[in-house]
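Peer 1: My questions will all concern the structure given below.
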Amino acid sequence: MSYDAIGFAIVIISIVLVIGKWIRLQSVTLQKLFLPSSLIGGFLALLLGPEVLGRIIGAVTGSNVMEYGIFTEAMYDTWAALPGLLINIVFACLFIGFALPSVKSMWKTGGPQIALGYTLSWGQYVVGLGLAMMILTPFFDLPPAAGALIEIGFVGGHGTAAGLQGTFEQIGFPEGYDLAIGLATVGVLSGVIVGIIMLNWG
């Protein structure tokens with residue numbers, strides 16, 4: 001793939017994100033729900049990509065004339081490689097500009113949050129792996145690794161799912177990446193929407 005194709009794909013995804021930001025600024029409802037502009041832009045790209053527009057055009061014309069919607073295969077190949085690279089930047093920048101407090105102060109502030117976080121994470125592993133062993137593997141022939149998808153999607157999120165794409169492929173479960181991304185999206189949407197409803201109700 002040429003550098004021009006990679007650069008063009010990055011320009012297009014940037015334009016989609018800007019349009020997502022513009023849609024958010026125009027919609028009071030989306031602002032009240034605190035939906036991220038990236039999620040709105042991603043939903044727009046989903047509608048204009050192979051999963052919606054591409055399938056509609058394929059069904060109507062009976063050909064693959066616009067298999068990737070308004071996008072191209074080169075764009076999708078470029079975008080597929082970005083999450084695994086960009087998550088490194090996210091984690092590398094976490095503590096930039098922050099003065100680290102003392103260990104005692106960190107433990108006093110972060111200890112309860114760590115305990116809660118680990119309780120939720122291990123609980124999701126237990127529920128997910130239990131479902132995988134009792135239902136998903138025996139009845140649907142899914143790999144046992146499917147049991148980790150709840151924790152990866154909800155506690156980890158899109159970045160964790162992207163970072164584990166290679167691992168899913170190594171263990172022979174490449175579909176796990178798509179499922180984890182889907183669960184992460186459900187987690188963001190349900191967390192934001194249900195959370196805002198509960199805040200307004202409270």
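Order determines the names: the first chain of the structure tokens is A, the second B, and so forth; residues in each chain are numbered 1 upward, and ligands are numbered 1 upward as they are shown.
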Residues of stretch 43-122 of chain A that approach stretch 8-19 of chain A to 10 Å or less, counting only C-alpha atoms: could you list each one with the shortest pair of atoms and its distance in Å to one decimal, rows by chain and increasing residue number, as JSON lines?
Peer 2:
{"residue": "A:Phe43", "atom": "CA", "partner": "A:Val16", "partner_atom": "CA", "distance": 9.7}
{"residue": "A:Leu44", "atom": "CA", "partner": "A:Val16", "partner_atom": "CA", "distance": 7.5}
{"residue": "A:Ala45", "atom": "CA", "partner": "A:Val16", "partner_atom": "CA", "distance": 6.9}
{"residue": "A:Phe71", "atom": "CA", "partner": "A:Ile12", "partner_atom": "CA", "distance": 8.8}
{"residue": "A:Thr72", "atom": "CA", "partner": "A:Ala9", "partner_atom": "CA", "distance": 8.8}
{"residue": "A:Glu73", "atom": "CA", "partner": "A:Ala9", "partner_atom": "CA", "distance": 9.9}
{"residue": "A:Ala74", "atom": "CA", "partner": "A:Ala9", "partner_atom": "CA", "distance": 7.5}
{"residue": "A:Met75", "atom": "CA", "partner": "A:Ala9", "partner_atom": "CA", "distance": 4.7}
{"residue": "A:Tyr76", "atom": "CA", "partner": "A:Ala9", "partner_atom": "CA", "distance": 7.9}
{"residue": "A:Asp77", "atom": "CA", "partner": "A:Ala9", "partner_atom": "CA", "distance": 9.0}
{"residue": "A:Thr78", "atom": "CA", "partner": "A:Ala9", "partner_atom": "CA", "distance": 6.6}
{"residue": "A:Trp79", "atom": "CA", "partner": "A:Ala9", "partner_atom": "CA", "distance": 7.3}
{"residue": "A:Leu82", "atom": "CA", "partner": "A:Ile10", "partner_atom": "CA", "distance": 9.3}
Peer 1: Do you know which residues are at most 9 Å from A:Ile181 counting only C-alpha atoms, after dropping those on the same chain fewer than 2 positions away, and could you put them as a list in words?
Peer 2: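 In the requested form, the answer reads Ile152, Gly153, Gly157, His158, Gly159, Ala161, Ala162, Gly176, Tyr177, Asp178, Leu179, Leu183, Ala184, Thr185 and Val186 of chain A.
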Peer 1: At a cut-off of 12 Å, using only C-alpha atoms, what residues contact A:Gly54? Leave out same-chain residues fewer than 4 positions from it and give the result as a CSV table (one decimal) with N, CA and C atoms, in the first residue's frame.
Peer 2:
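Listing of selection-v6.csv after writing:
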chain,number,residue,atom,x,y,z
A,45,ALA,N,-19.9,6.4,9.7
A,45,ALA,CA,-19.0,5.6,8.8
A,45,ALA,C,-19.6,4.2,8.6
A,46,LEU,N,-20.2,3.7,9.7
A,46,LEU,CA,-20.9,2.3,9.6
A,46,LEU,C,-22.0,2.4,8.6
A,47,LEU,N,-22.8,3.5,8.6
A,47,LEU,CA,-23.9,3.6,7.7
A,47,LEU,C,-23.4,3.7,6.2
A,48,LEU,N,-22.3,4.4,6.0
A,48,LEU,CA,-21.8,4.7,4.7
A,48,LEU,C,-20.8,3.7,4.2
A,49,GLY,N,-20.5,2.7,5.0
A,49,GLY,CA,-19.5,1.7,4.7
A,49,GLY,C,-20.1,0.4,4.2
A,50,PRO,N,-19.3,-0.7,4.2
A,50,PRO,CA,-19.8,-2.0,3.5
A,50,PRO,C,-20.9,-2.6,4.3
A,58,GLY,N,-25.3,-3.5,-3.1
A,58,GLY,CA,-25.1,-4.9,-3.6
A,58,GLY,C,-26.4,-5.6,-3.8
A,59,ALA,N,-27.4,-5.5,-2.9
A,59,ALA,CA,-28.6,-6.1,-3.0
A,59,ALA,C,-29.5,-5.6,-4.2
A,60,VAL,N,-29.4,-4.2,-4.3
A,60,VAL,CA,-30.2,-3.6,-5.4
A,60,VAL,C,-29.6,-3.9,-6.8
A,61,THR,N,-28.3,-3.8,-6.9
A,61,THR,CA,-27.6,-3.9,-8.2
A,61,THR,C,-27.2,-5.3,-8.5
A,62,GLY,N,-27.0,-6.1,-7.5
A,62,GLY,CA,-26.6,-7.5,-7.7
A,62,GLY,C,-25.1,-7.6,-8.1
A,63,SER,N,-24.3,-6.6,-7.8
A,63,SER,CA,-22.9,-6.6,-8.1
A,63,SER,C,-22.1,-6.0,-6.9
A,64,ASN,N,-20.8,-6.1,-7.0
A,64,ASN,CA,-19.9,-5.5,-6.0
A,64,ASN,C,-19.4,-4.2,-6.4
A,65,VAL,N,-20.2,-3.4,-7.1
A,65,VAL,CA,-19.7,-2.1,-7.6
A,65,VAL,C,-19.3,-1.2,-6.5
A,66,MET,N,-20.0,-1.2,-5.4
A,66,MET,CA,-19.6,-0.3,-4.2
A,66,MET,C,-19.6,-1.2,-3.0
A,67,GLU,N,-18.7,-2.2,-3.0
A,67,GLU,CA,-18.7,-3.2,-2.0
A,67,GLU,C,-18.4,-2.6,-0.6
A,68,TYR,N,-17.5,-1.5,-0.6
A,68,TYR,CA,-17.1,-0.8,0.6
A,68,TYR,C,-17.9,0.5,0.8
A,69,GLY,N,-19.1,0.6,0.3
A,69,GLY,CA,-19.9,1.8,0.4
A,69,GLY,C,-19.2,2.9,-0.3
A,70,ILE,N,-19.1,4.1,0.3
A,70,ILE,CA,-18.4,5.2,-0.3
A,70,ILE,C,-16.9,5.2,0.0
A,71,PHE,N,-16.4,4.2,0.7
A,71,PHE,CA,-15.0,4.0,1.0
A,71,PHE,C,-14.4,3.0,0.1
A,72,THR,N,-13.1,2.8,0.3
A,72,THR,CA,-12.3,1.8,-0.6
A,72,THR,C,-11.7,0.8,0.3
A,73,GLU,N,-11.3,-0.3,-0.3
A,73,GLU,CA,-10.6,-1.4,0.5
A,73,GLU,C,-9.3,-0.9,1.1
Peer 1: Let me make sure I understand: among A:Lys21, A:Ile150, A:Gly187, A:Glu169, which one has the smallest atom-to-atom distance to A:Leu120 if we use only C-alpha atoms?
Peer 2: A:Ile150
Peer 1: Could you pull the residues within 12 Å of A:Leu199, counting only C-alpha atoms, minus those fewer than 6 positions along the same chain, as a ChimeraX atom specification?
Peer 2: /A:32-33,191-193
Peer 1: Could the residues in this selection be saved with N, CA, C and O atoms as a PDB file, in the first residue's frame?
Peer 2:
ATOM      1  N   LYS A  32     -26.779  16.286  25.518  1.00  0.00           N
ATOM      2  CA  LYS A  32     -27.269  15.911  26.844  1.00  0.00           C
ATOM      3  C   LYS A  32     -26.906  14.476  27.200  1.00  0.00           C
ATOM      4  O   LYS A  32     -26.741  14.145  28.369  1.00  0.00           O
ATOM      5  N   LEU A  33     -26.796  13.624  26.179  1.00  0.00           N
ATOM      6  CA  LEU A  33     -26.411  12.230  26.414  1.00  0.00           C
ATOM      7  C   LEU A  33     -24.907  12.065  26.555  1.00  0.00           C
ATOM      8  O   LEU A  33     -24.429  10.983  26.887  1.00  0.00           O
ATOM      9  N   GLY A 191     -23.668   2.591  28.919  1.00  0.00           N
ATOM     10  CA  GLY A 191     -23.133   3.300  30.085  1.00  0.00           C
ATOM     11  C   GLY A 191     -23.468   4.777  30.055  1.00  0.00           C
ATOM     12  O   GLY A 191     -23.884   5.351  31.063  1.00  0.00           O
ATOM     13  N   VAL A 192     -23.290   5.384  28.890  1.00  0.00           N
ATOM     14  CA  VAL A 192     -23.559   6.821  28.774  1.00  0.00           C
ATOM     15  C   VAL A 192     -25.056   7.097  28.878  1.00  0.00           C
ATOM     16  O   VAL A 192     -25.492   7.932  29.673  1.00  0.00           O
ATOM     17  N   ILE A 193     -25.856   6.392  28.079  1.00  0.00           N
ATOM     18  CA  ILE A 193     -27.291   6.691  28.037  1.00  0.00           C
ATOM     19  C   ILE A 193     -27.971   6.349  29.357  1.00  0.00           C
ATOM     20  O   ILE A 193     -28.660   7.176  29.955  1.00  0.00           O
TER      21      ILE A 193
END
Peer 1: Atom CA of A:Leu35 and atom CA of A:Gly128, how far apart in Å?
Peer 2: 27.0 Å
Peer 1: Restricting the calculation to only C-alpha atoms: of A:Ile23, A:Cys93, A:Leu189, A:Met198, which residue gets closest to A:Gly41?
Peer 2: A:Ile23
Peer 1: How many Å lie between atom CA of A:Ile40 and atom CA of A:Leu86, rounded to one decimal?
Peer 2: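 Rounded to one decimal, the two atoms are 19.3 Å apart.
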Peer 1: Report as a PyMOL selection string: the residues of stretch 13-50 of chain A with a DSSP assignment of alpha helix (DSSP H), based on the backbone of this structure.
Peer 2: chain A and resi 13-26+28-32+37-48
Peer 1: Keeping only C-alpha atoms, take the residues you just selected and write them out as a PDB file, in the first residue's frame.
Peer 2:
ATOM      1  CA  ILE A  13     -11.373   9.253   8.764  1.00  0.00           C
ATOM      2  CA  SER A  14     -10.477  12.709  10.131  1.00  0.00           C
ATOM      3  CA  ILE A  15     -13.247  14.261   8.017  1.00  0.00           C
ATOM      4  CA  VAL A  16     -15.701  11.648   9.330  1.00  0.00           C
ATOM      5  CA  LEU A  17     -14.697  12.568  12.909  1.00  0.00           C
ATOM      6  CA  VAL A  18     -15.152  16.285  12.184  1.00  0.00           C
ATOM      7  CA  ILE A  19     -18.625  15.573  10.761  1.00  0.00           C
ATOM      8  CA  GLY A  20     -19.381  13.569  13.926  1.00  0.00           C
ATOM      9  CA  LYS A  21     -18.338  16.592  16.006  1.00  0.00           C
ATOM     10  CA  TRP A  22     -20.518  18.884  13.876  1.00  0.00           C
ATOM     11  CA  ILE A  23     -23.541  16.566  14.269  1.00  0.00           C
ATOM     12  CA  ARG A  24     -22.999  16.549  18.034  1.00  0.00           C
ATOM     13  CA  LEU A  25     -22.839  20.346  18.148  1.00  0.00           C
ATOM     14  CA  GLN A  26     -26.110  20.574  16.180  1.00  0.00           C
ATOM     15  CA  VAL A  28     -29.011  19.123  21.893  1.00  0.00           C
ATOM     16  CA  THR A  29     -30.102  15.529  22.601  1.00  0.00           C
ATOM     17  CA  LEU A  30     -26.682  14.092  21.734  1.00  0.00           C
ATOM     18  CA  GLN A  31     -25.035  16.754  23.888  1.00  0.00           C
ATOM     19  CA  LYS A  32     -27.269  15.911  26.844  1.00  0.00           C
ATOM     20  CA  SER A  37     -18.092  12.712  18.672  1.00  0.00           C
ATOM     21  CA  SER A  38     -15.973   9.716  17.686  1.00  0.00           C
ATOM     22  CA  LEU A  39     -18.889   7.363  18.362  1.00  0.00           C
ATOM     23  CA  ILE A  40     -21.237   9.504  16.280  1.00  0.00           C
ATOM     24  CA  GLY A  41     -18.670   9.669  13.462  1.00  0.00           C
ATOM     25  CA  GLY A  42     -18.137   5.910  13.720  1.00  0.00           C
ATOM     26  CA  PHE A  43     -21.864   5.299  13.419  1.00  0.00           C
ATOM     27  CA  LEU A  44     -21.939   7.537  10.339  1.00  0.00           C
ATOM     28  CA  ALA A  45     -19.017   5.582   8.814  1.00  0.00           C
ATOM     29  CA  LEU A  46     -20.860   2.345   9.596  1.00  0.00           C
ATOM     30  CA  LEU A  47     -23.919   3.591   7.677  1.00  0.00           C
ATOM     31  CA  LEU A  48     -21.827   4.721   4.695  1.00  0.00           C
TER      32      LEU A  48
END
Peer 1: List the neighbours of stretch 129-142 of chain A out to 12 Å using only C-alpha atoms; skip same-chain residues closer than 3 positions along the sequence, and give me the result as a PDB file with N, CA and C atoms, in the first residue's frame.
Peer 2:
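What landed in out.pdb:
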ATOM      1  N   TRP A 122     -13.006  -9.259  37.731  1.00  0.00           N
ATOM      2  CA  TRP A 122     -13.015 -10.704  37.995  1.00  0.00           C
ATOM      3  C   TRP A 122     -14.431 -11.259  37.949  1.00  0.00           C
ATOM      4  N   GLY A 123     -15.407 -10.432  38.374  1.00  0.00           N
ATOM      5  CA  GLY A 123     -16.799 -10.871  38.276  1.00  0.00           C
ATOM      6  C   GLY A 123     -17.208 -11.093  36.832  1.00  0.00           C
ATOM      7  N   GLN A 124     -16.770 -10.192  35.952  1.00  0.00           N
ATOM      8  CA  GLN A 124     -17.094 -10.343  34.531  1.00  0.00           C
ATOM      9  C   GLN A 124     -16.392 -11.555  33.934  1.00  0.00           C
ATOM     10  N   TYR A 125     -15.164 -11.809  34.371  1.00  0.00           N
ATOM     11  CA  TYR A 125     -14.475 -13.027  33.912  1.00  0.00           C
ATOM     12  C   TYR A 125     -15.222 -14.277  34.364  1.00  0.00           C
ATOM     13  N   VAL A 126     -15.643 -14.289  35.630  1.00  0.00           N
ATOM     14  CA  VAL A 126     -16.339 -15.470  36.172  1.00  0.00           C
ATOM     15  C   VAL A 126     -17.646 -15.708  35.421  1.00  0.00           C
ATOM     16  N   ALA A 145     -12.307 -18.889  24.847  1.00  0.00           N
ATOM     17  CA  ALA A 145     -11.857 -17.501  24.962  1.00  0.00           C
ATOM     18  C   ALA A 145     -13.001 -16.507  24.838  1.00  0.00           C
ATOM     19  N   ALA A 146     -14.130 -16.935  24.291  1.00  0.00           N
ATOM     20  CA  ALA A 146     -15.295 -16.051  24.182  1.00  0.00           C
ATOM     21  C   ALA A 146     -15.763 -15.597  25.562  1.00  0.00           C
ATOM     22  N   GLY A 147     -15.430 -16.373  26.581  1.00  0.00           N
ATOM     23  CA  GLY A 147     -15.808 -16.001  27.935  1.00  0.00           C
ATOM     24  C   GLY A 147     -15.128 -14.743  28.440  1.00  0.00           C
ATOM     25  N   ALA A 148     -14.009 -14.369  27.823  1.00  0.00           N
ATOM     26  CA  ALA A 148     -13.287 -13.164  28.252  1.00  0.00           C
ATOM     27  C   ALA A 148     -13.799 -11.904  27.558  1.00  0.00           C
ATOM     28  N   LEU A 149     -14.714 -12.057  26.616  1.00  0.00           N
ATOM     29  CA  LEU A 149     -15.160 -10.908  25.823  1.00  0.00           C
ATOM     30  C   LEU A 149     -15.888  -9.858  26.652  1.00  0.00           C
ATOM     31  N   ILE A 150     -16.620 -10.279  27.667  1.00  0.00           N
ATOM     32  CA  ILE A 150     -17.354  -9.300  28.489  1.00  0.00           C
ATOM     33  C   ILE A 150     -16.361  -8.352  29.153  1.00  0.00           C
ATOM     34  N   GLU A 151     -15.342  -8.900  29.774  1.00  0.00           N
ATOM     35  CA  GLU A 151     -14.356  -8.073  30.473  1.00  0.00           C
ATOM     36  C   GLU A 151     -13.571  -7.221  29.493  1.00  0.00           C
ATOM     37  N   GLY A 172      -6.634 -18.548  17.233  1.00  0.00           N
ATOM     38  CA  GLY A 172      -7.591 -19.102  16.276  1.00  0.00           C
ATOM     39  C   GLY A 172      -9.004 -18.614  16.453  1.00  0.00           C
ATOM     40  N   PHE A 173      -9.170 -17.402  16.992  1.00  0.00           N
ATOM     41  CA  PHE A 173     -10.499 -16.833  17.216  1.00  0.00           C
ATOM     42  C   PHE A 173     -10.511 -15.380  16.728  1.00  0.00           C
ATOM     43  N   PRO A 174     -10.253 -15.147  15.409  1.00  0.00           N
ATOM     44  CA  PRO A 174     -10.179 -13.771  14.916  1.00  0.00           C
ATOM     45  C   PRO A 174     -11.483 -13.002  15.051  1.00  0.00           C
ATOM     46  N   GLU A 175     -12.610 -13.747  15.078  1.00  0.00           N
ATOM     47  CA  GLU A 175     -13.907 -13.076  15.246  1.00  0.00           C
ATOM     48  C   GLU A 175     -14.033 -12.422  16.616  1.00  0.00           C
ATOM     49  N   GLY A 176     -13.201 -12.853  17.571  1.00  0.00           N
ATOM     50  CA  GLY A 176     -13.239 -12.282  18.916  1.00  0.00           C
ATOM     51  C   GLY A 176     -12.998 -10.786  18.916  1.00  0.00           C
ATOM     52  N   LEU A 179     -16.258  -9.084  17.896  1.00  0.00           N
ATOM     53  CA  LEU A 179     -17.222  -9.205  19.000  1.00  0.00           C
ATOM     54  C   LEU A 179     -16.851  -8.277  20.156  1.00  0.00           C
TER      55      LEU A 179
END
